[in-house]
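To be precise, the following lines are run.txt, and they hold compact mmCIF, C-alpha atoms and all ligand atoms.
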```txt
# COMPACT_ATOMS: atom_id res chain seq x y z
CA MET U 1268 44.74 101.16 132.87
CA LYS U 1269 46.45 99.45 135.79
CA ARG U 1270 48.06 96.07 135.10
CA THR U 1271 48.35 93.37 137.73
CA GLY U 1272 51.80 91.77 138.18
CA LEU U 1273 50.63 88.60 136.43
CA GLY U 1274 49.07 90.53 133.52
CA LEU U 1275 52.32 92.39 133.02
CA TRP U 1276 54.28 89.13 132.84
CA ALA U 1277 51.83 87.70 130.34
CA ALA U 1278 52.28 90.80 128.17
CA VAL U 1279 56.09 90.52 128.39
CA ILE U 1280 55.99 86.82 127.42
CA ALA U 1281 53.61 87.51 124.53
CA PHE U 1282 55.87 90.32 123.33
CA ALA U 1283 58.96 88.10 123.49
CA ALA U 1284 57.13 85.35 121.58
CA ALA U 1285 56.08 87.83 118.91
CA VAL U 1286 59.69 89.07 118.56
CA GLN U 1287 60.91 85.48 118.24
CA ALA U 1288 58.26 84.63 115.66
CA ALA U 1289 59.16 87.73 113.63
CA ALA U 1290 62.85 86.80 113.81
CA SER U 1291 62.23 83.22 112.68
CA ALA U 1292 59.94 84.44 109.86
CA ALA U 1293 62.75 86.78 108.77
CA ASP U 1294 65.27 83.93 109.00
CA GLU U 1295 63.00 81.71 106.95
CA ALA U 1296 62.49 84.39 104.29
CA ALA U 1297 66.25 84.99 104.09
CA THR U 1298 67.01 81.25 103.87
CA LYS U 1299 64.38 80.80 101.20
CA ALA U 1300 65.81 83.67 99.14
CA PHE U 1301 69.30 82.18 99.54
CA ILE U 1302 68.20 78.67 98.48
CA TRP U 1303 66.29 79.99 95.48
CA SER U 1304 69.27 82.16 94.38
CA ILE U 1305 71.81 79.30 94.25
CA PRO U 1306 71.99 77.43 90.92
CA LYS U 1307 71.11 73.79 91.49
CA ALA U 1308 70.85 70.53 89.55
CA GLU U 1309 68.10 67.97 89.99
CA LEU U 1310 69.10 64.36 89.34
CA HIS U 1311 66.10 62.37 90.53
CA VAL U 1312 62.79 63.41 89.02
CA HIS U 1313 60.52 61.15 86.96
CA PHE U 1314 59.05 62.72 83.83
CA GLU U 1315 55.78 60.85 84.40
CA GLY U 1316 55.69 61.97 88.04
CA THR U 1317 55.83 65.65 87.15
CA LEU U 1318 52.29 65.66 85.72
CA GLU U 1319 50.19 68.02 87.84
CA PRO U 1320 46.52 67.12 88.52
CA GLU U 1321 45.23 70.14 86.55
CA HIS U 1322 47.40 69.19 83.59
CA TYR U 1323 46.15 65.61 83.86
CA LEU U 1324 42.57 66.83 83.48
CA GLU U 1325 43.51 69.04 80.53
CA LEU U 1326 45.23 66.19 78.68
CA ALA U 1327 42.39 63.75 79.40
CA LYS U 1328 39.98 66.23 77.84
CA ARG U 1329 42.20 67.04 74.87
CA ASN U 1330 42.76 63.36 74.12
CA SER U 1331 39.05 62.54 74.62
CA LEU U 1332 39.81 59.97 77.29
CA PRO U 1333 37.07 58.89 79.66
CA GLY U 1334 37.62 61.15 82.68
CA ARG U 1335 38.05 58.94 85.68
CA TYR U 1336 38.35 62.06 87.85
CA ALA U 1337 36.23 65.18 87.49
CA THR U 1338 38.37 67.53 89.52
CA ALA U 1339 41.97 68.12 90.53
CA ALA U 1340 40.87 67.64 94.15
CA ALA U 1341 39.67 64.12 93.26
CA VAL U 1342 43.04 63.35 91.65
CA ARG U 1343 44.85 64.62 94.76
CA GLN U 1344 42.61 62.51 96.97
CA ARG U 1345 43.50 59.45 94.89
CA GLN U 1346 47.20 60.32 95.25
CA ARG U 1347 46.83 60.51 99.02
CA ASP U 1348 45.34 57.02 99.04
CA GLY U 1349 48.74 55.50 98.12
CA ARG U 1350 49.98 53.45 101.08
CA ASP U 1351 53.22 51.99 99.82
CA LEU U 1352 55.47 51.97 96.79
CA LYS U 1353 53.30 49.47 94.94
CA SER U 1354 50.06 51.41 95.37
CA PHE U 1355 51.88 54.67 94.64
CA ILE U 1356 52.99 53.24 91.28
CA GLU U 1357 49.43 52.13 90.50
CA VAL U 1358 48.30 55.76 90.76
CA TYR U 1359 51.35 56.93 88.80
CA GLU U 1360 50.55 54.53 85.93
CA GLU U 1361 46.90 55.47 85.97
CA LEU U 1362 47.66 59.19 85.70
CA LEU U 1363 50.32 58.95 82.99
CA SER U 1364 47.78 57.23 80.72
CA VAL U 1365 46.62 60.64 79.47
CA ILE U 1366 50.06 61.48 78.02
CA ARG U 1367 49.76 60.28 74.43
CA THR U 1368 51.13 62.54 71.71
CA GLU U 1369 54.54 64.02 71.05
CA ALA U 1370 53.10 67.41 72.01
CA ASP U 1371 51.85 65.98 75.33
CA PHE U 1372 55.31 64.65 76.20
CA ARG U 1373 56.92 67.96 75.31
CA GLU U 1374 54.36 70.00 77.21
CA VAL U 1375 54.55 67.96 80.44
CA ALA U 1376 58.36 68.10 80.57
CA VAL U 1377 58.53 71.80 79.71
CA ALA U 1378 55.93 72.69 82.34
CA HIS U 1379 57.99 71.00 85.05
CA LEU U 1380 61.31 72.48 83.92
CA ARG U 1381 59.80 75.98 83.87
CA ARG U 1382 58.43 75.59 87.41
CA ALA U 1383 61.76 74.17 88.65
CA LYS U 1384 63.68 77.04 87.09
CA ALA U 1385 61.71 79.47 89.24
CA GLN U 1386 63.40 77.79 92.25
CA GLY U 1387 66.90 77.91 90.74
CA ILE U 1388 67.12 74.53 88.97
CA VAL U 1389 69.32 75.17 85.94
CA TYR U 1390 70.19 71.58 85.03
CA THR U 1391 68.07 68.42 85.25
CA GLU U 1392 68.70 64.75 84.60
CA MET U 1393 65.18 63.44 84.12
CA PHE U 1394 64.09 59.80 84.35
CA PHE U 1395 61.49 58.37 82.04
CA ASP U 1396 59.81 54.94 81.89
CA PRO U 1397 59.59 53.81 78.24
CA GLN U 1398 57.98 50.44 79.04
CA MET U 1399 54.96 52.21 80.51
CA HIS U 1400 54.42 53.97 77.20
CA THR U 1401 55.21 51.27 74.63
CA GLU U 1402 53.00 48.81 76.51
CA ARG U 1403 49.98 51.04 75.93
CA GLY U 1404 50.77 51.45 72.25
CA ILE U 1405 52.75 54.69 72.25
CA PRO U 1406 55.70 54.30 69.84
CA LEU U 1407 59.16 54.83 71.32
CA ALA U 1408 59.72 57.41 68.56
CA THR U 1409 56.85 59.52 69.94
CA VAL U 1410 58.29 59.39 73.47
CA PHE U 1411 61.75 60.46 72.32
CA ALA U 1412 60.46 63.10 69.91
CA GLY U 1413 58.45 64.71 72.70
CA LEU U 1414 61.24 64.59 75.28
CA LEU U 1415 63.83 65.91 72.83
CA ALA U 1416 61.48 68.70 71.75
CA ALA U 1417 61.19 69.63 75.44
CA GLN U 1418 64.98 69.66 75.69
CA ALA U 1419 65.23 72.15 72.82
CA ALA U 1420 62.36 74.28 74.14
CA ALA U 1421 63.79 74.49 77.66
CA ARG U 1422 67.18 75.52 76.28
CA ASN U 1423 65.85 78.05 73.77
CA GLU U 1424 62.90 79.49 75.65
CA PHE U 1425 64.21 79.78 79.21
CA GLY U 1426 67.85 78.69 79.28
CA VAL U 1427 67.54 75.41 81.20
CA ARG U 1428 69.39 72.23 80.30
CA VAL U 1429 67.75 68.82 80.58
CA GLU U 1430 69.24 65.41 79.82
CA TYR U 1431 67.51 62.04 80.10
CA ILE U 1432 67.99 58.74 81.90
CA MET U 1433 65.99 55.75 80.66
CA CYS U 1434 64.58 53.61 83.46
CA PHE U 1435 63.66 49.95 83.33
CA ASN U 1436 60.88 48.84 85.64
CA ARG U 1437 62.01 46.40 88.31
CA ASP U 1438 58.66 44.61 88.31
CA ARG U 1439 58.80 43.89 84.58
CA SER U 1440 60.80 41.20 82.83
CA VAL U 1441 64.45 41.18 81.85
CA GLU U 1442 63.37 40.37 78.28
CA SER U 1443 61.22 43.49 78.17
CA ALA U 1444 64.12 45.63 79.49
CA LEU U 1445 66.51 44.15 76.91
CA ALA U 1446 63.99 44.72 74.13
CA ILE U 1447 63.65 48.40 75.08
CA LEU U 1448 67.41 48.75 75.36
CA GLU U 1449 67.85 47.44 71.80
CA ALA U 1450 64.87 49.32 70.36
CA SER U 1451 66.13 52.60 71.81
CA LYS U 1452 69.52 52.32 70.06
CA PRO U 1453 68.77 55.13 67.58
CA TRP U 1454 68.53 57.49 70.56
CA HIS U 1455 71.36 56.20 72.75
CA ARG U 1456 73.50 59.20 71.97
CA ARG U 1457 70.66 61.42 73.19
CA ILE U 1458 70.44 59.85 76.65
CA LEU U 1459 72.99 59.74 79.46
CA GLY U 1460 72.34 56.34 80.90
CA VAL U 1461 69.95 53.86 82.42
CA GLY U 1462 68.21 53.47 85.78
CA LEU U 1463 65.84 51.12 87.60
CA ASP U 1464 62.59 52.10 89.28
CA ASN U 1465 59.08 50.84 90.18
CA PRO U 1466 58.32 48.44 93.06
CA GLU U 1467 61.40 46.83 94.51
CA GLU U 1468 61.51 43.08 93.93
CA LYS U 1469 63.69 40.75 95.94
CA ASP U 1470 67.19 40.44 94.47
CA PHE U 1471 66.46 42.90 91.70
CA PRO U 1472 70.17 43.80 91.18
CA ARG U 1473 70.95 40.20 90.25
CA LYS U 1474 67.92 40.10 87.96
CA PHE U 1475 69.12 43.12 85.96
CA ALA U 1476 72.89 42.51 86.04
CA GLY U 1477 72.94 41.32 82.40
CA VAL U 1478 70.83 44.26 81.21
CA PHE U 1479 73.14 46.73 82.93
CA ALA U 1480 76.27 45.02 81.58
CA ARG U 1481 74.81 45.35 78.09
CA ALA U 1482 73.87 49.01 78.69
CA ARG U 1483 77.38 49.81 79.94
CA SER U 1484 78.90 48.05 76.92
CA LEU U 1485 76.79 50.37 74.75
CA GLY U 1486 78.35 53.41 76.44
CA LEU U 1487 75.48 54.19 78.81
CA ARG U 1488 75.98 55.16 82.44
CA ALA U 1489 74.18 53.45 85.31
CA THR U 1490 72.16 54.38 88.36
CA SER U 1491 69.44 52.56 90.30
CA HIS U 1492 66.73 53.23 92.82
CA CYS U 1493 67.10 51.69 96.25
CA ASP U 1494 63.88 52.91 97.81
CA VAL U 1495 63.62 53.77 101.49
CA ASN U 1496 63.11 51.03 104.10
CA GLN U 1497 62.29 48.28 101.62
CA PRO U 1498 62.77 44.58 102.48
CA ASN U 1499 66.39 43.41 101.96
CA THR U 1500 67.48 46.98 101.41
CA LEU U 1501 71.11 46.53 102.47
CA ALA U 1502 71.60 43.53 100.18
CA HIS U 1503 70.01 45.56 97.37
CA HIS U 1504 72.39 48.48 97.97
CA TRP U 1505 75.36 46.11 97.82
CA GLY U 1506 73.96 44.45 94.71
CA CYS U 1507 73.58 47.81 92.97
CA LEU U 1508 77.20 48.65 93.74
CA ASP U 1509 78.79 45.30 93.00
CA GLU U 1510 76.55 43.66 90.40
CA LEU U 1511 75.02 46.60 88.56
CA LYS U 1512 78.11 48.78 89.05
CA VAL U 1513 76.05 51.92 89.46
CA GLU U 1514 77.61 55.36 89.86
CA ARG U 1515 74.69 56.68 91.90
CA ILE U 1516 71.96 55.32 94.13
CA ASP U 1517 68.53 56.93 93.91
CA HIS U 1518 67.19 57.51 97.45
CA GLY U 1519 69.91 55.50 99.25
CA ILE U 1520 68.93 56.62 102.76
CA ASN U 1521 69.47 53.13 104.16
CA VAL U 1522 73.19 53.43 103.39
CA LEU U 1523 73.26 54.96 106.87
CA ASP U 1524 72.27 51.61 108.39
CA ASP U 1525 75.53 49.88 107.46
CA PRO U 1526 78.95 51.33 108.33
CA ALA U 1527 80.60 49.19 105.64
CA LEU U 1528 78.18 50.57 103.07
CA ILE U 1529 78.89 54.13 104.21
CA ALA U 1530 82.60 53.44 103.75
CA ALA U 1531 82.11 51.84 100.30
CA VAL U 1532 79.86 54.65 99.04
CA LYS U 1533 82.41 57.18 100.22
CA ALA U 1534 85.46 55.37 98.84
CA ARG U 1535 83.82 54.81 95.44
CA GLY U 1536 82.41 58.35 95.15
CA ILE U 1537 78.81 57.13 94.76
CA GLY U 1538 76.24 59.93 94.57
CA LEU U 1539 73.01 59.70 96.59
CA THR U 1540 69.87 61.32 95.22
CA VAL U 1541 67.74 61.63 98.33
CA CYS U 1542 64.10 62.75 98.06
CA PRO U 1543 62.78 64.28 101.30
CA THR U 1544 59.37 64.42 99.74
CA LEU U 1545 56.77 62.86 101.95
CA MET U 1546 55.19 65.46 104.15
CA GLU U 1547 54.51 65.17 107.85
CA ALA U 1548 50.78 65.65 107.46
CA ASP U 1549 50.59 62.58 105.23
CA ILE U 1550 52.80 60.21 107.09
CA PRO U 1551 53.83 61.33 110.56
CA GLY U 1552 57.58 61.40 111.10
CA ARG U 1553 58.54 60.57 107.53
CA LEU U 1554 59.86 63.98 106.56
CA GLU U 1555 61.73 64.25 109.82
CA PHE U 1556 63.33 60.87 109.18
CA ARG U 1557 64.43 61.84 105.68
CA ALA U 1558 65.58 65.33 106.73
CA LYS U 1559 67.70 63.85 109.52
CA ALA U 1560 69.23 61.45 107.02
CA VAL U 1561 70.23 64.37 104.77
CA LYS U 1562 71.86 66.12 107.72
CA ARG U 1563 73.73 62.98 108.76
CA MET U 1564 74.95 62.37 105.21
CA LEU U 1565 76.25 65.95 105.08
CA GLU U 1566 78.06 65.40 108.37
CA LEU U 1567 79.60 62.21 106.95
CA ARG U 1568 80.61 64.11 103.80
CA LEU U 1569 78.70 61.75 101.53
CA LEU U 1570 77.74 63.04 98.09
CA VAL U 1571 74.10 63.70 99.03
CA THR U 1572 71.67 65.78 96.96
CA ILE U 1573 68.03 66.84 97.40
CA ASN U 1574 65.50 65.92 94.72
CA SER U 1575 61.75 66.05 94.11
CA ASP U 1576 61.09 62.53 92.70
CA ASP U 1577 57.43 62.92 91.63
CA PRO U 1578 56.32 66.48 92.35
CA GLY U 1579 53.03 66.11 90.45
CA LEU U 1580 52.00 63.40 92.89
CA MET U 1581 53.59 64.97 95.93
CA ARG U 1582 51.88 68.31 96.37
CA GLY U 1583 53.93 70.03 93.69
CA LEU U 1584 56.92 70.37 95.99
CA LEU U 1585 60.12 71.17 94.11
CA VAL U 1586 63.77 71.10 95.11
CA GLY U 1587 63.75 74.59 96.65
CA ASP U 1588 60.65 73.76 98.71
CA LEU U 1589 62.27 70.54 99.89
CA MET U 1590 65.57 72.17 100.86
CA LEU U 1591 63.59 74.70 102.84
CA GLY U 1592 61.57 71.87 104.40
CA VAL U 1593 64.77 70.11 105.46
CA HIS U 1594 66.12 73.40 106.85
CA ARG U 1595 62.93 73.90 108.89
CA THR U 1596 63.15 70.37 110.23
CA VAL U 1597 66.82 69.93 111.08
CA GLY U 1598 68.41 73.34 110.41
CA LEU U 1599 70.86 73.65 107.53
CA THR U 1600 73.77 76.07 107.66
CA LYS U 1601 74.49 78.26 104.64
CA ALA U 1602 77.59 76.14 104.00
CA GLU U 1603 75.46 72.97 103.99
CA ILE U 1604 73.01 74.49 101.52
CA VAL U 1605 75.93 75.38 99.26
CA THR U 1606 77.36 71.86 99.64
CA LEU U 1607 74.01 70.36 98.56
CA ALA U 1608 74.05 72.54 95.44
CA GLU U 1609 77.71 71.73 94.73
CA ASN U 1610 77.09 68.01 95.21
CA SER U 1611 74.28 68.16 92.66
CA PHE U 1612 76.80 69.24 90.02
CA ARG U 1613 79.64 67.07 91.36
CA ILE U 1614 77.65 63.87 90.81
CA ALA U 1615 75.86 65.03 87.64
CA TRP U 1616 76.80 63.20 84.46
CA LEU U 1617 78.20 66.34 82.88
CA PRO U 1618 81.31 66.88 80.77
CA GLU U 1619 84.05 68.18 83.10
CA ALA U 1620 84.22 71.62 81.46
CA ASP U 1621 80.47 72.13 81.96
CA ARG U 1622 80.69 70.91 85.54
CA ALA U 1623 83.37 73.52 86.25
CA VAL U 1624 81.17 76.28 84.85
CA TYR U 1625 78.20 75.26 87.01
CA LEU U 1626 80.36 74.93 90.15
CA ALA U 1627 81.82 78.39 89.55
CA ALA U 1628 78.26 79.75 89.24
CA VAL U 1629 77.34 78.19 92.61
CA ARG U 1630 80.40 79.76 94.25
CA GLU U 1631 79.62 83.13 92.70
CA ALA U 1632 75.97 83.04 93.85
CA ALA U 1633 77.01 82.03 97.38
CA ARG U 1634 79.49 84.89 97.85
N1 LIG O 1701 58.73 55.67 90.11
C1 LIG O 1701 58.49 56.96 90.34
N2 LIG O 1701 58.99 57.32 91.53
C2 LIG O 1701 59.56 56.22 92.06
C3 LIG O 1701 60.24 55.93 93.25
N3 LIG O 1701 60.52 56.88 94.13
N4 LIG O 1701 60.64 54.69 93.48
C4 LIG O 1701 60.43 53.73 92.58
N5 LIG O 1701 59.82 53.95 91.43
C5 LIG O 1701 59.38 55.18 91.17
ZN ZN O 1702 62.30 57.98 92.11
```
Kindly present the structure from the file in structure tokens form.
Amino acid sequence: MKRTGLGLWAAVIAFAAAVQAAASAADEAATKAFIWSIPKAELHVHFEGTLEPEHYLELAKRNSLPGRYATAAAVRQRQRDGRDLKSFIEVYEELLSVIRTEADFREVAVAHLRRAKAQGIVYTEMFFDPQMHTERGIPLATVFAGLLAAQAAARNEFGVRVEYIMCFNRDRSVESALAILEASKPWHRRILGVGLDNPEEKDFPRKFAGVFARARSLGLRATSHCDVNQPNTLAHHWGCLDELKVERIDHGINVLDDPALIAAVKARGIGLTVCPTLMEADIPGRLEFRAKAVKRMLELRLLVTINSDDPGLMRGLLVGDLMLGVHRTVGLTKAEIVTLAENSFRIAWLPEADRAVYLAAVREAAR
């Protein structure tokens, strides 16, 4: 068959495009394999936010709770309805209501840790929200028994280590936070520290300064959420550093908006647990914004890490998926991927000897 000049050019262009697509698919597959193969820590994931829609339905049935949703698709639709942090937390609280028994707590945590391990997460510091459980009549002892059973199961059954960080809710009272802090004393040696989450109220660092001082005096470490693009975010970041005396900031993307904050975070060795979780299809430009922030933080040599936050409510995306998502969006070098993994252990609240072992494992895997 005779080709016209134009037809020939079209064929050449199509061939070149196919070669390029094959090359980028191969690059993506190689990057994915590399990311998955590197041991990583996750430092910002909420126990309650790991509950997958299918698991939600199973627990609702097992606990004979009136099923508000008939299908996992209906749960996912409800999750997509969230417009802001406040409405997101409404869905979060609604879904966690099916977690009731010690076995439920254990099962939900183990399910997440097993999935995360498949993407190379070997160590997790997991948040949990005790006020959301005690307020609906679940004893603190049940919460801790379930979480600690998960810790033993993850270690014994598939060799993953999990430690816990107890969060106070920023939209609840100081008295309630102090009551939980005192009531949880029998388990203080089984947790690493305290955090703050839920909707961001004005001046929340000042509100919780006394609670954090008390927690630190009891030997607990401190971190706090500073969610992305919230009102008064810079003042809140400063308050977390200076009034709450946190060692890490959870999210912390807005650090980039203030050169003095960048300098302070760097000088004080503050870790940043960024969550590039919201996908483009949901909120245009959001992932790109968060991915660019990760890249910029790497360039500035800040102690940035990548975390999944609430994978059960965010399409099940785990740390490996998110690192790959960031790579697709802004391009990460192999060295940057290794730095992200190293940072995750550098800012983890691990004994130094254990940190050295994990860092050596990262170096070995990256060779
Ligand atoms: N609770 C669960 N995820 C949260 C987040 N990213 N910010 C504040 N509170 C949360
Ligand atoms: Zn969070």
- request: Compute the set of protein, DNA and RNA residues whose minimum atom distance to ligand LIG 1701 (chain O) is at most 9 Å, using only C-alpha atoms and all ligand atoms, and state it as number ranges by chain.
  value: U: 1311-1316, 1352-1353, 1355-1356, 1359, 1394-1396, 1436-1437, 1463-1467, 1492-1495, 1517-1518, 1542, 1576-1577
Tell me, counting all atoms listed in the file, for each residue of segment 1553-1624 of chain U within 12 Å of segment 1486-1489 of chain U, which pair of atoms is nearest and how far apart they are in Å to one decimal, in rows ordered by chain and increasing number, as a Markdown table.
```
| residue | atom | partner | partner_atom | distance |
| --- | --- | --- | --- | --- |
| U:Ala1615 | CA | U:Arg1488 | CA | 11.2 |
| U:Trp1616 | CA | U:Arg1488 | CA | 8.3 |
| U:Leu1617 | CA | U:Arg1488 | CA | 11.4 |
```
field: Non-local contacts of Glu1514 of chain U (8 Å; all atoms listed in the file; under 6 positions in same chain excluded) as a PyMOL selection string
entry: chain U and resi 1488-1490+1508+1536-1538
What are the closest atom pairs, with distances in Å to one decimal, for each residue of segment 1514-1615 of chain U lying within 12 Å of segment 1499-1506 of chain U, using all atoms listed in the file, rows by chain and rising residue number, as CSV?
```
residue,atom,partner,partner_atom,distance
U:Glu1514,CA,U:His1504,CA,11.8
U:Arg1515,CA,U:His1504,CA,10.5
U:Ile1516,CA,U:His1504,CA,7.9
U:Asp1517,CA,U:His1504,CA,10.1
U:His1518,CA,U:His1504,CA,10.4
U:Gly1519,CA,U:His1504,CA,7.6
U:Ile1520,CA,U:Thr1500,CA,9.8
U:Asn1521,CA,U:Leu1501,CA,7.0
U:Val1522,CA,U:Leu1501,CA,7.3
U:Leu1523,CA,U:Leu1501,CA,9.7
U:Asp1524,CA,U:Leu1501,CA,7.9
U:Asp1525,CA,U:Leu1501,CA,7.5
U:Pro1526,CA,U:Leu1501,CA,10.9
U:Ala1527,CA,U:Trp1505,CA,9.9
U:Leu1528,CA,U:Trp1505,CA,7.4
U:Ile1529,CA,U:His1504,CA,10.6
U:Ala1530,CA,U:Trp1505,CA,11.9
U:Ala1531,CA,U:Trp1505,CA,9.2
U:Val1532,CA,U:Trp1505,CA,9.7
U:Ile1537,CA,U:His1504,CA,11.2
U:Leu1539,CA,U:His1504,CA,11.3
```
With all atoms listed in the file counted and 12 Å as the cut-off, give the residues of segment 1337-1417 of chain U in contact with segment 1318-1331 of chain U, each with its shortest interatomic distance in Å and the pair that gives it, as a tab-separated table.
```
residue	atom	partner	partner_atom	distance
U:Ala1337	CA	U:Leu1324	CA	7.7
U:Thr1338	CA	U:Leu1324	CA	7.4
U:Ala1339	CA	U:Pro1320	CA	5.1
U:Ala1340	CA	U:Pro1320	CA	8.0
U:Ala1341	CA	U:Pro1320	CA	8.9
U:Val1342	CA	U:Pro1320	CA	6.0
U:Arg1343	CA	U:Pro1320	CA	6.9
U:Gln1344	CA	U:Pro1320	CA	10.4
U:Arg1345	CA	U:Pro1320	CA	10.4
U:Gln1346	CA	U:Pro1320	CA	9.6
U:Val1358	CA	U:Pro1320	CA	11.7
U:Tyr1359	CA	U:Leu1318	CA	9.3
U:Glu1360	CA	U:Leu1318	CA	11.3
U:Glu1361	CA	U:Tyr1323	CA	10.4
U:Leu1362	CA	U:Tyr1323	CA	6.8
U:Leu1363	CA	U:Leu1318	CA	7.5
U:Ser1364	CA	U:Ala1327	CA	8.6
U:Val1365	CA	U:Ala1327	CA	5.3
U:Ile1366	CA	U:Leu1326	CA	6.8
U:Arg1367	CA	U:Asn1330	CA	7.7
U:Thr1368	CA	U:Asn1330	CA	8.7
U:Ala1370	CA	U:Leu1326	CA	10.4
U:Asp1371	CA	U:Leu1326	CA	7.4
U:Phe1372	CA	U:Leu1318	CA	10.0
U:Arg1373	CA	U:Leu1318	CA	11.6
U:Glu1374	CA	U:His1322	CA	9.5
U:Val1375	CA	U:Leu1318	CA	6.2
U:Ala1376	CA	U:Leu1318	CA	8.3
U:Val1377	CA	U:Leu1318	CA	10.6
U:Ala1378	CA	U:Leu1318	CA	8.6
U:His1379	CA	U:Leu1318	CA	7.8
U:Leu1380	CA	U:Leu1318	CA	11.5
U:Arg1382	CA	U:Glu1319	CA	11.2
```
task: Counting only C-alpha atoms, figure out which residue out of U:Leu1310, U:Val1389, U:Ala1446, U:Ala1480 gets nearest to Val1571 of chain U.
output: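 Residue with the minimum atom-to-atom distance to Val1571 of chain U: U:Leu1310.
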Output segment 1484-1497 of chain U as a CSV table (one decimal), in the frame of the given file, making sure N, CA and C atoms are there.
```csv
chain,number,residue,atom,x,y,z
U,1484,SER,N,78.1,48.4,78.1
U,1484,SER,CA,78.9,48.0,76.9
U,1484,SER,C,78.5,48.9,75.7
U,1485,LEU,N,77.3,49.5,75.8
U,1485,LEU,CA,76.8,50.4,74.8
U,1485,LEU,C,77.1,51.8,75.1
U,1486,GLY,N,77.9,52.0,76.1
U,1486,GLY,CA,78.4,53.4,76.4
U,1486,GLY,C,77.4,54.2,77.3
U,1487,LEU,N,76.4,53.5,77.9
U,1487,LEU,CA,75.5,54.2,78.8
U,1487,LEU,C,75.9,54.1,80.3
U,1488,ARG,N,75.6,55.1,81.0
U,1488,ARG,CA,76.0,55.2,82.4
U,1488,ARG,C,74.9,54.5,83.3
U,1489,ALA,N,75.1,54.2,84.5
U,1489,ALA,CA,74.2,53.4,85.3
U,1489,ALA,C,73.9,54.0,86.7
U,1490,THR,N,72.6,54.0,87.0
U,1490,THR,CA,72.2,54.4,88.4
U,1490,THR,C,71.0,53.4,88.7
U,1491,SER,N,70.6,53.4,90.0
U,1491,SER,CA,69.4,52.6,90.3
U,1491,SER,C,68.8,53.1,91.6
U,1492,HIS,N,67.5,53.0,91.6
U,1492,HIS,CA,66.7,53.2,92.8
U,1492,HIS,C,67.1,52.1,93.8
U,1493,CYS,N,67.2,52.6,95.1
U,1493,CYS,CA,67.1,51.7,96.2
U,1493,CYS,C,66.2,52.5,97.2
U,1494,ASP,N,64.9,52.1,97.1
U,1494,ASP,CA,63.9,52.9,97.8
U,1494,ASP,C,64.1,52.8,99.3
U,1495,VAL,N,63.4,53.6,100.0
U,1495,VAL,CA,63.6,53.8,101.5
U,1495,VAL,C,62.9,52.7,102.3
U,1496,ASN,N,63.7,52.0,103.2
U,1496,ASN,CA,63.1,51.0,104.1
U,1496,ASN,C,62.4,49.9,103.4
U,1497,GLN,N,62.9,49.4,102.3
U,1497,GLN,CA,62.3,48.3,101.6
U,1497,GLN,C,62.9,47.0,102.2
```
